[in-house]
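Student: Below is the file entry.txt, which contains compact mmCIF, C-alpha atoms.
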# COMPACT_ATOMS: atom_id res chain seq x y z
CA MET A 232 9.96 157.57 189.84
CA SER A 233 10.63 157.15 186.14
CA LYS A 234 14.06 157.62 184.66
CA VAL A 235 14.62 159.63 181.49
CA LEU A 236 17.80 159.63 179.44
CA LEU A 237 18.41 162.76 177.35
CA VAL A 238 20.98 162.41 174.59
CA ASP A 239 22.33 165.38 172.64
CA ASP A 240 25.74 166.82 171.80
CA SER A 241 24.37 170.33 172.37
CA LYS A 242 24.60 171.77 175.87
CA THR A 243 21.72 174.08 175.03
CA ALA A 244 19.43 171.24 173.99
CA LEU A 245 20.35 169.18 177.06
CA LEU A 246 19.77 172.07 179.45
CA MET A 247 16.45 172.88 177.79
CA GLY A 248 15.35 169.25 178.12
CA GLU A 249 16.59 168.91 181.70
CA THR A 250 14.82 172.12 182.70
CA ILE A 251 11.54 170.96 181.23
CA PHE A 252 11.70 167.57 182.94
CA LYS A 253 12.88 168.90 186.29
CA GLN A 254 10.31 171.69 186.41
CA HIS A 255 7.31 169.78 185.18
CA THR A 256 7.78 166.11 185.97
CA SER A 257 9.05 164.02 188.84
CA CYS A 258 11.37 162.06 186.53
CA GLN A 259 15.00 161.40 187.32
CA VAL A 260 17.04 162.79 184.43
CA PHE A 261 20.32 161.42 183.03
CA THR A 262 22.23 162.88 180.11
CA ALA A 263 24.67 161.69 177.47
CA ASN A 264 26.60 163.65 174.85
CA ASP A 265 26.90 161.14 172.03
CA GLY A 266 25.46 157.87 170.80
CA HIS A 267 28.14 155.69 172.30
CA GLU A 268 27.74 157.21 175.76
CA ALA A 269 23.98 156.95 175.34
CA VAL A 270 24.11 153.19 174.83
CA GLN A 271 26.39 152.75 177.85
CA LYS A 272 24.19 154.92 180.09
CA ALA A 273 21.00 153.28 178.87
CA LEU A 274 22.39 149.84 179.75
CA ALA A 275 23.57 151.05 183.15
CA GLU A 276 20.54 153.12 184.19
CA LYS A 277 17.71 151.24 182.47
CA PRO A 278 15.69 154.38 181.69
CA ASP A 279 11.93 154.36 181.17
CA LEU A 280 12.20 156.81 178.28
CA ILE A 281 15.00 157.96 175.98
CA LEU A 282 15.14 161.20 174.01
CA LEU A 283 17.74 160.73 171.31
CA ASP A 284 19.23 163.42 169.09
CA VAL A 285 20.10 162.26 165.58
CA VAL A 286 23.19 164.21 164.54
CA MET A 287 25.92 163.48 167.08
CA PRO A 288 29.63 162.65 167.09
CA LYS A 289 31.04 159.12 167.50
CA MET A 290 27.70 157.36 166.98
CA ASP A 291 24.62 159.09 165.56
CA GLY A 292 21.10 158.68 166.89
CA PHE A 293 20.04 156.14 164.27
CA GLU A 294 22.97 153.87 165.07
CA ALA A 295 22.49 154.32 168.80
CA CYS A 296 18.82 153.42 168.50
CA GLN A 297 19.63 150.27 166.54
CA GLU A 298 22.33 149.35 169.04
CA MET A 299 19.99 149.82 171.99
CA ARG A 300 17.34 147.60 170.39
CA LYS A 301 19.84 144.73 170.28
CA HIS A 302 19.77 144.51 174.07
CA ASP A 303 16.90 142.71 175.78
CA SER A 304 16.76 145.28 178.58
CA LEU A 305 16.28 148.13 176.09
CA LYS A 306 14.07 146.44 173.50
CA ASN A 307 10.86 147.91 174.86
CA VAL A 308 12.08 151.24 176.19
CA PRO A 309 10.31 154.07 174.35
CA ILE A 310 12.75 156.07 172.26
CA ILE A 311 11.84 159.50 170.93
CA MET A 312 14.14 160.73 168.19
CA VAL A 313 14.80 164.46 168.26
CA THR A 314 16.24 166.16 165.21
CA SER A 315 16.48 169.33 163.23
CA ARG A 316 15.88 167.29 160.08
CA GLY A 317 12.20 166.46 159.83
CA GLU A 318 12.16 165.31 156.20
CA PRO A 319 10.01 162.19 155.59
CA ALA A 320 13.05 160.09 154.67
CA ASN A 321 14.71 160.91 157.99
CA VAL A 322 11.55 160.20 159.95
CA ALA A 323 11.11 156.88 158.15
CA ASN A 324 14.73 156.00 158.87
CA GLY A 325 14.15 156.73 162.55
CA TYR A 326 11.21 154.35 162.71
CA ARG A 327 13.18 151.71 160.80
CA CYS A 328 15.88 151.97 163.46
CA GLY A 329 13.33 151.29 166.16
CA CYS A 330 12.23 154.63 167.56
CA ASN A 331 8.69 155.09 168.87
CA ALA A 332 8.14 158.75 168.06
CA TYR A 333 9.80 161.67 166.35
CA LEU A 334 10.15 165.31 167.39
CA THR A 335 11.69 168.09 165.33
CA LYS A 336 13.80 170.89 166.73
CA PRO A 337 13.44 173.50 168.02
CA ILE A 338 11.86 171.67 170.93
CA ASN A 339 8.76 173.23 172.37
CA ALA A 340 8.15 172.41 176.05
CA LYS A 341 4.44 171.81 175.59
CA GLU A 342 4.96 169.49 172.63
CA LEU A 343 7.62 167.56 174.49
CA LEU A 344 5.43 167.09 177.56
CA GLU A 345 2.51 166.02 175.39
CA ILE A 346 4.52 163.25 173.82
CA VAL A 347 6.21 162.24 177.09
CA ASP A 348 2.77 161.93 178.64
CA VAL A 349 1.96 159.23 176.10
CA PHE A 350 4.83 157.06 177.29
CA LEU A 351 5.25 157.76 180.99
CA SER A 352 2.86 157.22 183.85
CA ALA A 353 0.67 160.17 184.82
CA ASP A 354 2.28 160.12 188.26
CA ASP A 355 5.51 161.34 186.72
CA ILE A 356 4.00 164.35 185.07
CA ALA A 357 2.97 167.41 187.06
CA SER A 358 -0.78 168.02 186.92
CA GLU A 359 -0.36 171.26 185.02
CA ALA A 360 1.78 169.64 182.37
CA THR A 361 -0.58 166.70 182.07
CA SER A 362 -3.54 168.94 181.49
CA ILE A 363 -1.65 170.75 178.76
CA ALA A 364 -0.70 167.48 177.14
CA LYS A 365 -4.20 166.05 177.30
CA HIS A 366 -5.62 169.25 175.95
CA LYS A 367 -3.57 169.14 172.79
CA GLY A 368 -3.06 165.41 172.32
CA ALA A 369 0.08 163.84 170.90
CA SER A 370 0.89 161.60 168.00
CA ALA A 371 3.21 158.69 168.55
CA VAL A 372 3.72 155.10 167.58
CA GLU A 373 3.54 152.72 170.50
CA MET B 167 21.02 188.08 183.59
CA GLU B 168 20.15 186.26 186.81
CA ALA B 169 17.68 189.01 187.54
CA ASP B 170 16.12 188.35 184.14
CA SER B 171 15.76 184.67 185.02
CA ALA B 172 13.96 185.53 188.24
CA ARG B 173 11.63 187.90 186.45
CA PHE B 174 10.75 185.32 183.84
CA SER B 175 10.26 182.71 186.55
CA ARG B 176 7.60 184.85 188.19
CA GLN B 177 5.88 185.34 184.87
CA ALA B 178 5.96 181.64 184.12
CA VAL B 179 3.77 180.55 186.99
CA GLU B 180 0.98 182.87 185.90
CA SER B 181 0.02 181.03 182.73
CA PRO B 182 0.68 177.59 181.26
CA ASP B 183 1.18 179.33 177.93
CA ASP B 184 4.41 180.79 179.31
CA LEU B 185 5.81 177.33 180.03
CA SER B 186 7.77 177.03 176.83
CA LEU B 187 8.87 180.66 176.77
CA TRP B 188 10.08 180.59 180.37
CA THR B 189 12.05 177.42 179.73
CA LYS B 190 13.71 178.92 176.67
CA LEU B 191 14.63 182.18 178.37
CA PHE B 192 15.97 180.34 181.41
CA THR B 193 18.02 178.07 179.15
CA VAL B 194 19.43 181.02 177.21
CA SER B 195 20.42 182.80 180.42
CA GLN B 196 22.16 179.75 181.86
CA ILE B 197 23.96 178.89 178.63
CA MET B 198 25.21 182.46 178.25
CA LEU B 199 26.47 182.55 181.85
CA SER B 200 28.27 179.28 181.31
CA ALA B 201 29.67 180.52 177.99
CA ILE B 202 31.13 183.63 179.65
CA ARG B 203 32.93 181.46 182.19
CA GLU B 204 34.27 179.19 179.45
CA ASP B 205 34.95 182.06 177.03
CA LYS B 206 32.75 180.43 174.39
CA VAL B 207 30.10 183.07 173.85
CA PRO B 208 30.08 183.04 170.02
CA SER B 209 29.64 179.27 169.85
CA ALA B 210 26.96 179.45 172.55
CA LEU B 211 25.05 181.97 170.44
CA GLU B 212 25.32 179.61 167.49
CA GLU B 213 23.98 176.72 169.58
CA ILE B 214 21.11 178.79 170.92
CA CYS B 215 20.06 179.90 167.46
CA SER B 216 20.32 176.38 166.11
CA ASN B 217 18.61 174.53 168.95
CA LEU B 218 16.06 177.05 170.17
CA LEU B 219 15.26 179.08 167.05
CA GLY B 220 15.80 176.60 164.25
CA CYS B 221 18.35 178.82 162.52
CA GLU B 222 21.59 177.07 161.60
CA ARG B 223 23.09 179.82 159.47
CA LEU B 224 24.02 183.01 161.24
CA ALA B 225 26.72 185.62 161.52
CA ILE B 226 27.91 187.58 164.52
CA VAL B 227 29.37 190.78 163.16
CA GLU B 228 30.98 193.87 164.58
CA ILE B 229 30.29 197.03 162.60
CA SER B 230 32.58 200.01 163.12
CA HIS B 231 30.76 203.26 163.74
CA GLY B 232 31.05 205.73 160.91
CA THR B 233 33.08 203.52 158.58
CA GLY B 234 30.65 200.61 158.43
CA LEU B 235 33.58 198.20 158.48
CA VAL B 236 32.18 194.70 159.03
CA GLN B 237 34.17 192.18 161.04
CA PHE B 238 32.93 188.61 161.33
CA ARG B 239 33.21 187.26 164.88
CA ARG B 240 31.56 184.02 163.86
CA ALA B 241 29.84 183.03 160.66
CA PRO B 242 29.43 179.26 160.34
CA GLN B 243 28.13 178.10 157.00
CA VAL B 244 28.24 181.63 155.58
CA SER B 245 30.00 181.46 152.22
CA SER B 246 32.79 183.81 151.22
CA GLU B 247 30.45 185.30 148.59
CA MET B 248 27.87 186.08 151.26
CA ARG B 249 30.55 187.56 153.52
CA LEU B 250 31.71 189.81 150.70
CA ALA B 251 28.16 190.92 149.98
CA LEU B 252 27.61 191.71 153.66
CA ALA B 253 30.93 193.53 153.97
CA ASP B 254 30.03 195.64 150.92
CA GLN B 255 26.84 196.71 152.68
CA GLY B 256 28.45 197.64 156.01
CA ARG B 257 27.15 201.20 156.06
CA PHE B 258 23.68 200.03 155.12
CA LEU B 259 23.72 197.38 157.87
CA GLU B 260 24.89 199.99 160.35
CA SER B 261 21.99 202.24 159.33
CA GLN B 262 19.54 199.41 160.05
CA ILE B 263 20.59 199.14 163.69
CA GLN B 264 18.08 201.15 165.67
CA PRO B 265 17.67 201.20 169.48
CA GLY B 266 15.14 198.65 170.67
CA ASP B 267 14.41 197.53 167.15
CA ILE B 268 15.03 194.03 165.85
CA ARG B 269 14.40 193.93 162.12
CA TYR B 270 12.24 191.02 160.99
CA ILE B 271 12.11 190.93 157.23
CA SER B 272 8.80 189.06 157.20
CA ASP B 273 7.15 192.00 158.99
CA GLU B 274 8.24 194.70 156.59
CA ILE B 275 7.76 195.61 152.96
CA ASP B 276 9.91 198.72 152.54
CA ASP B 277 13.05 199.14 150.43
CA ASN B 278 15.36 198.49 153.36
CA ALA B 279 13.62 195.19 154.09
CA ALA B 280 13.97 194.26 150.44
CA LYS B 281 17.69 195.02 150.59
CA LEU B 282 18.12 192.93 153.74
CA SER B 283 16.18 190.17 152.05
CA GLN B 284 18.54 190.32 149.07
CA LEU B 285 21.34 189.71 151.55
CA ARG B 286 19.30 186.64 152.65
CA ILE B 287 18.86 188.05 156.15
CA HIS B 288 15.70 186.93 157.99
CA ALA B 289 16.38 188.97 161.10
CA LEU B 290 18.89 191.60 162.11
CA VAL B 291 19.39 191.62 165.86
CA PRO B 292 21.38 194.58 167.18
CA LEU B 293 23.82 193.74 169.94
CA TRP B 294 24.02 196.48 172.54
CA LEU B 295 26.85 197.44 174.82
CA ASP B 296 26.52 200.41 177.18
CA ARG B 297 23.66 201.79 175.06
CA GLU B 298 25.79 201.70 171.91
CA SER B 299 25.54 199.08 169.24
CA SER B 300 28.50 196.72 169.20
CA GLY B 301 27.37 194.88 166.12
CA ALA B 302 24.62 192.57 165.11
CA LEU B 303 23.48 189.01 165.00
CA LEU B 304 22.38 188.26 161.46
CA LEU B 305 20.06 185.30 161.07
CA PHE B 306 19.76 183.74 157.65
CA GLU B 307 17.49 180.95 156.47
CA LEU B 308 15.57 178.83 158.96
CA LEU B 309 15.11 175.07 159.08
CA PRO B 310 12.44 173.82 156.65
CA GLN B 311 9.93 173.20 159.46
CA ARG B 312 10.12 176.85 160.55
CA SER B 313 8.10 179.42 158.67
CA GLY B 314 9.27 182.44 160.66
CA PHE B 315 9.95 183.80 164.12
CA ASP B 316 7.07 183.39 166.56
CA THR B 317 6.43 185.28 169.80
CA GLU B 318 8.73 183.00 171.80
CA ASP B 319 11.54 183.37 169.28
CA ARG B 320 11.22 187.13 169.44
CA GLU B 321 11.49 187.13 173.23
CA VAL B 322 14.63 185.01 172.97
CA LEU B 323 16.08 187.40 170.39
CA ARG B 324 15.19 190.40 172.56
CA LEU B 325 17.10 188.79 175.43
CA LEU B 326 20.08 188.13 173.16
CA SER B 327 19.97 191.67 171.80
CA THR B 328 20.44 193.17 175.25
CA ASN B 329 22.71 190.52 176.79
CA ALA B 330 24.86 189.06 174.03
CA GLY B 331 26.88 192.25 173.46
CA PRO B 332 28.12 192.47 177.07
CA CYS B 333 28.70 188.70 177.07
CA LEU B 334 30.83 188.91 173.94
CA ARG B 335 32.91 191.67 175.50
CA SER B 336 33.08 190.18 179.00
CA LYS B 337 36.55 188.70 178.62
CA LEU B 338 38.06 191.90 177.28
CA ARG B 339 36.74 193.73 180.33
CA GLY B 340 37.88 191.08 182.77
Translate the structure of the given file into structure tokens.

Tutor:
Amino acid sequence: MSKVLLVDDSKTALLMGETIFKQHTSCQVFTANDGHEAVQKALAEKPDLILLDVVMPKMDGFEACQEMRKHDSLKNVPIIMVTSRGEPANVANGYRCGCNAYLTKPINAKELLEIVDVFLSADDIASEATSIAKHKGASAVE
Amino acid sequence: MEADSARFSRQAVESPDDLSLWTKLFTVSQIMLSAIREDKVPSALEEICSNLLGCERLAIVEISHGTGLVQFRRAPQVSSEMRLALADQGRFLESQIQPGDIRYISDEIDDNAAKLSQLRIHALVPLWLDRESSGALLLFELLPQRSGFDTEDREVLRLLSTNAGPCLRSKLRG
């Protein structure tokens, strides 16, 4: 069973993400409310995928991503940045910090599952969700 | 609201296309229930609009019947100039609140839509309480990646229109 770490300072965004994962995948979901907590939880839980909001208190998503990449155990964990700011400069900054893919808010369940399908094993994704993802395809940097 | 969740759950299993909609409606219901318990309904509405609709500038207003007096319950990032302009148009805003009717400016080309557009309102969502309007949720500009409100957004706003009013008043009523 894959582990997914969802990081966002918004309860709404976290609940939306948790609901999507719990309903449509077999992944074990962990959450964190800021960048600092995200780094700590990532080191402790060793997730297989991290969804990281950008604008957060204490430590933003860019900093958290950079911090995670400093640790051997997190160097190769796929990180998807999630943000309301989809301007090219922000996206480029995300990739510079070491993220693998970028999603803009508001999150759409289908889009999220499509991109998750790229990074997680098919066993983790419910058949219905997988078929949706394969139908539409997803763009990501591996 | 729990009944709403169950209804949407049944709908969701019928079509994969409902996946995203069901998840959003479920999330809204749960967040609103939690917000009532924590007495944080206005900030929950702000979060929902920001995270699920891509609208970071909104106002929750109460509009007094007859006088059109506008009271701002929450209006993050709404400038004092905008507040004044809205307050000046209280009677007009009150006249735009119609039962079962959310006003989407992009859908309309009449004079009233033009006036709402001048006030930079993208959508006017009436908030209902015991079949009477208790005010409105005014949604201003959307994030750059959003071009308007799609079908899912409109379902979310319909849910808020019927449930946010009672949620906002829940503490007063115990």

Student: Which one of A:Lys234, A:Lys341, A:Arg316, A:Arg327 sits closest to Lys272 (chain A) if you count only C-alpha atoms?

Tutor: A:Lys234

Student: Quote the spacing between CA of Glu212 (chain B) and CA of Ser327 (chain B) in Å to one decimal place.

Tutor: 13.9 Å

Student: Just to confirm, what's the straight-line distance from CA of Gly248 (chain A) to CA of Leu187 (chain B) in Å (one decimal)?

Tutor: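 Rounded to one decimal, the two atoms are 13.2 Å apart.
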
Student: Pull out every residue of chain A sitting within 9 Å of chain B, counting only C-alpha atoms, and send them as a PyMOL selection string.

Tutor: chain A and resi 241-244+246-248+250-251+254+315-318+335-341+359-360+363

Student: Now that the selection is made, can you save its residues with C-alpha atoms as a JSON list (two decimals), in the coordinates of the input?

Tutor:
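Contents of result.json, as written:
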[["chain", "number", "residue", "atom", "x", "y", "z"],
["A", 241, "SER", "CA", 24.37, 170.33, 172.37],
["A", 242, "LYS", "CA", 24.60, 171.77, 175.87],
["A", 243, "THR", "CA", 21.72, 174.08, 175.03],
["A", 244, "ALA", "CA", 19.43, 171.24, 173.99],
["A", 246, "LEU", "CA", 19.77, 172.07, 179.45],
["A", 247, "MET", "CA", 16.45, 172.88, 177.79],
["A", 248, "GLY", "CA", 15.35, 169.25, 178.12],
["A", 250, "THR", "CA", 14.82, 172.12, 182.70],
["A", 251, "ILE", "CA", 11.54, 170.96, 181.23],
["A", 254, "GLN", "CA", 10.31, 171.69, 186.41],
["A", 315, "SER", "CA", 16.48, 169.33, 163.23],
["A", 316, "ARG", "CA", 15.88, 167.29, 160.08],
["A", 317, "GLY", "CA", 12.20, 166.46, 159.83],
["A", 318, "GLU", "CA", 12.16, 165.31, 156.20],
["A", 335, "THR", "CA", 11.69, 168.09, 165.33],
["A", 336, "LYS", "CA", 13.80, 170.89, 166.73],
["A", 337, "PRO", "CA", 13.44, 173.50, 168.02],
["A", 338, "ILE", "CA", 11.86, 171.67, 170.93],
["A", 339, "ASN", "CA", 8.76, 173.23, 172.37],
["A", 340, "ALA", "CA", 8.15, 172.41, 176.05],
["A", 341, "LYS", "CA", 4.44, 171.81, 175.59],
["A", 359, "GLU", "CA", -0.36, 171.26, 185.02],
["A", 360, "ALA", "CA", 1.78, 169.64, 182.37],
["A", 363, "ILE", "CA", -1.65, 170.75, 178.76]]

Student: Name the residues, using the chain letters and numbers of the file, that sit within 12 Å of (23.7, 197.2, 164.9) when counting all atoms listed in the file, and give them as a PyMOL selection string.

Tutor: chain B and resi 226-232+234-236+256-269+289-295+297-304+327-328+331

Student: Separation of CA of Val308 (chain A) and CA of Asn264 (chain A), in Å?

Tutor: 19.1 Å

Student: Given the choices B:Ala251, B:Ile271, B:Leu199, B:Leu224, which gets closest to Glu307 (chain B) if the distance is worked out from all atoms listed in the file?

Tutor: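 Closest to Glu307 (chain B), using all atoms listed in the file: B:Leu224.
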
Student: Compare B:Ser195, B:Gln237, B:Lys281, B:Ser272 by their minimum atom-to-atom distance to Val322 (chain B), counting only C-alpha atoms, and give me the closest one.

Tutor: B:Ser195

Student: Identify, on the basis of all atoms listed in the file, every residue whose closest approach to Met290 (chain A) does not exceed 8 Å; exclude the query and any residue fewer than 2 positions from it along the same chain; express the result as a short mmCIF file (atom, residue, chain, number, x, y, z; two decimals) with C-alpha atoms, in the frame of the given file.

Tutor:
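As written to disk, selection35.cif reads:
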data_model
loop_
_atom_site.label_atom_id
_atom_site.label_comp_id
_atom_site.auth_asym_id
_atom_site.auth_seq_id
_atom_site.Cartn_x
_atom_site.Cartn_y
_atom_site.Cartn_z
CA ASP A 265 26.90 161.14 172.03
CA GLY A 266 25.46 157.87 170.80
CA HIS A 267 28.14 155.69 172.30
CA MET A 287 25.92 163.48 167.08
CA PRO A 288 29.63 162.65 167.09
CA GLY A 292 21.10 158.68 166.89
CA GLU A 294 22.97 153.87 165.07
CA ALA A 295 22.49 154.32 168.80
#

Student: From the set A:Val238, A:Val270, A:Thr262, A:Val349, which residue has the shortest atom-to-atom contact distance to Arg300 (chain A), counting only C-alpha atoms?

Tutor: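 When distances to Arg300 (chain A) are compared using only C-alpha atoms, the smallest one comes from A:Val270.
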
Student: Please identify all polymer residues within 8 Å of Gln259 (chain A), counting only C-alpha atoms, omitting same-chain residues fewer than 5 positions from it, and present them as a PDB file with C-alpha atoms, in the coordinates of the input.

Tutor:
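Final output, saved to part-v4.pdb:
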ATOM      1  CA  MET A 232       9.960 157.570 189.840  1.00  0.00           C
ATOM      2  CA  SER A 233      10.630 157.150 186.140  1.00  0.00           C
ATOM      3  CA  LYS A 234      14.060 157.620 184.660  1.00  0.00           C
ATOM      4  CA  VAL A 235      14.620 159.630 181.490  1.00  0.00           C
ATOM      5  CA  LYS A 253      12.880 168.900 186.290  1.00  0.00           C
TER       6      LYS A 253
END

Student: Generate the coordinates of N, CA and C atoms for region 247-271 of chain A; report them as a PDB file, in the coordinates of the input.

Tutor:
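What ended up in selection.pdb:
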ATOM      1  N   MET A 247      17.877 172.627 178.070  1.00  0.00           N
ATOM      2  CA  MET A 247      16.450 172.880 177.790  1.00  0.00           C
ATOM      3  C   MET A 247      15.627 171.650 178.206  1.00  0.00           C
ATOM      4  N   GLY A 248      16.069 170.484 177.784  1.00  0.00           N
ATOM      5  CA  GLY A 248      15.350 169.250 178.120  1.00  0.00           C
ATOM      6  C   GLY A 248      15.339 168.993 179.619  1.00  0.00           C
ATOM      7  N   GLU A 249      16.505 169.137 180.252  1.00  0.00           N
ATOM      8  CA  GLU A 249      16.590 168.910 181.700  1.00  0.00           C
ATOM      9  C   GLU A 249      15.665 169.864 182.457  1.00  0.00           C
ATOM     10  N   THR A 250      15.654 171.121 182.029  1.00  0.00           N
ATOM     11  CA  THR A 250      14.820 172.120 182.700  1.00  0.00           C
ATOM     12  C   THR A 250      13.347 171.742 182.596  1.00  0.00           C
ATOM     13  N   ILE A 251      12.949 171.334 181.422  1.00  0.00           N
ATOM     14  CA  ILE A 251      11.540 170.960 181.230  1.00  0.00           C
ATOM     15  C   ILE A 251      11.185 169.782 182.137  1.00  0.00           C
ATOM     16  N   PHE A 252      12.019 168.756 182.132  1.00  0.00           N
ATOM     17  CA  PHE A 252      11.700 167.570 182.940  1.00  0.00           C
ATOM     18  C   PHE A 252      11.743 167.885 184.430  1.00  0.00           C
ATOM     19  N   LYS A 253      12.746 168.637 184.854  1.00  0.00           N
ATOM     20  CA  LYS A 253      12.880 168.900 186.290  1.00  0.00           C
ATOM     21  C   LYS A 253      11.781 169.821 186.801  1.00  0.00           C
ATOM     22  N   GLN A 254      11.349 170.747 185.973  1.00  0.00           N
ATOM     23  CA  GLN A 254      10.310 171.690 186.410  1.00  0.00           C
ATOM     24  C   GLN A 254       8.917 171.083 186.351  1.00  0.00           C
ATOM     25  N   HIS A 255       8.693 170.179 185.436  1.00  0.00           N
ATOM     26  CA  HIS A 255       7.310 169.780 185.180  1.00  0.00           C
ATOM     27  C   HIS A 255       7.041 168.294 185.305  1.00  0.00           C
ATOM     28  N   THR A 256       8.027 167.532 185.720  1.00  0.00           N
ATOM     29  CA  THR A 256       7.780 166.110 185.970  1.00  0.00           C
ATOM     30  C   THR A 256       8.552 165.712 187.226  1.00  0.00           C
ATOM     31  N   SER A 257       8.290 164.515 187.696  1.00  0.00           N
ATOM     32  CA  SER A 257       9.050 164.020 188.840  1.00  0.00           C
ATOM     33  C   SER A 257      10.126 163.034 188.380  1.00  0.00           C
ATOM     34  N   CYS A 258      10.412 163.037 187.086  1.00  0.00           N
ATOM     35  CA  CYS A 258      11.370 162.060 186.530  1.00  0.00           C
ATOM     36  C   CYS A 258      12.799 162.357 186.978  1.00  0.00           C
ATOM     37  N   GLN A 259      13.569 161.282 187.078  1.00  0.00           N
ATOM     38  CA  GLN A 259      15.000 161.400 187.320  1.00  0.00           C
ATOM     39  C   GLN A 259      15.671 161.507 185.947  1.00  0.00           C
ATOM     40  N   VAL A 260      16.487 162.528 185.762  1.00  0.00           N
ATOM     41  CA  VAL A 260      17.040 162.790 184.430  1.00  0.00           C
ATOM     42  C   VAL A 260      18.529 162.444 184.368  1.00  0.00           C
ATOM     43  N   PHE A 261      18.909 161.707 183.329  1.00  0.00           N
ATOM     44  CA  PHE A 261      20.320 161.420 183.030  1.00  0.00           C
ATOM     45  C   PHE A 261      20.623 162.010 181.659  1.00  0.00           C
ATOM     46  N   THR A 262      21.881 162.322 181.425  1.00  0.00           N
ATOM     47  CA  THR A 262      22.230 162.880 180.110  1.00  0.00           C
ATOM     48  C   THR A 262      23.431 162.160 179.510  1.00  0.00           C
ATOM     49  N   ALA A 263      23.498 162.205 178.190  1.00  0.00           N
ATOM     50  CA  ALA A 263      24.670 161.690 177.470  1.00  0.00           C
ATOM     51  C   ALA A 263      24.936 162.603 176.284  1.00  0.00           C
ATOM     52  N   ASN A 264      26.208 162.692 175.885  1.00  0.00           N
ATOM     53  CA  ASN A 264      26.600 163.650 174.850  1.00  0.00           C
ATOM     54  C   ASN A 264      26.810 163.062 173.455  1.00  0.00           C
ATOM     55  N   ASP A 265      26.767 161.757 173.355  1.00  0.00           N
ATOM     56  CA  ASP A 265      26.900 161.140 172.030  1.00  0.00           C
ATOM     57  C   ASP A 265      26.252 159.752 172.066  1.00  0.00           C
ATOM     58  N   GLY A 266      26.157 159.146 170.892  1.00  0.00           N
ATOM     59  CA  GLY A 266      25.460 157.870 170.800  1.00  0.00           C
ATOM     60  C   GLY A 266      26.106 156.760 171.593  1.00  0.00           C
ATOM     61  N   HIS A 267      27.425 156.746 171.585  1.00  0.00           N
ATOM     62  CA  HIS A 267      28.140 155.690 172.300  1.00  0.00           C
ATOM     63  C   HIS A 267      27.872 155.784 173.804  1.00  0.00           C
ATOM     64  N   GLU A 268      28.002 156.999 174.330  1.00  0.00           N
ATOM     65  CA  GLU A 268      27.740 157.210 175.760  1.00  0.00           C
ATOM     66  C   GLU A 268      26.284 156.896 176.083  1.00  0.00           C
ATOM     67  N   ALA A 269      25.413 157.193 175.127  1.00  0.00           N
ATOM     68  CA  ALA A 269      23.980 156.950 175.340  1.00  0.00           C
ATOM     69  C   ALA A 269      23.701 155.459 175.546  1.00  0.00           C
ATOM     70  N   VAL A 270      24.324 154.636 174.710  1.00  0.00           N
ATOM     71  CA  VAL A 270      24.110 153.190 174.830  1.00  0.00           C
ATOM     72  C   VAL A 270      24.621 152.701 176.190  1.00  0.00           C
ATOM     73  N   GLN A 271      25.801 153.165 176.570  1.00  0.00           N
ATOM     74  CA  GLN A 271      26.390 152.750 177.850  1.00  0.00           C
ATOM     75  C   GLN A 271      25.494 153.176 179.025  1.00  0.00           C
TER      76      GLN A 271
END
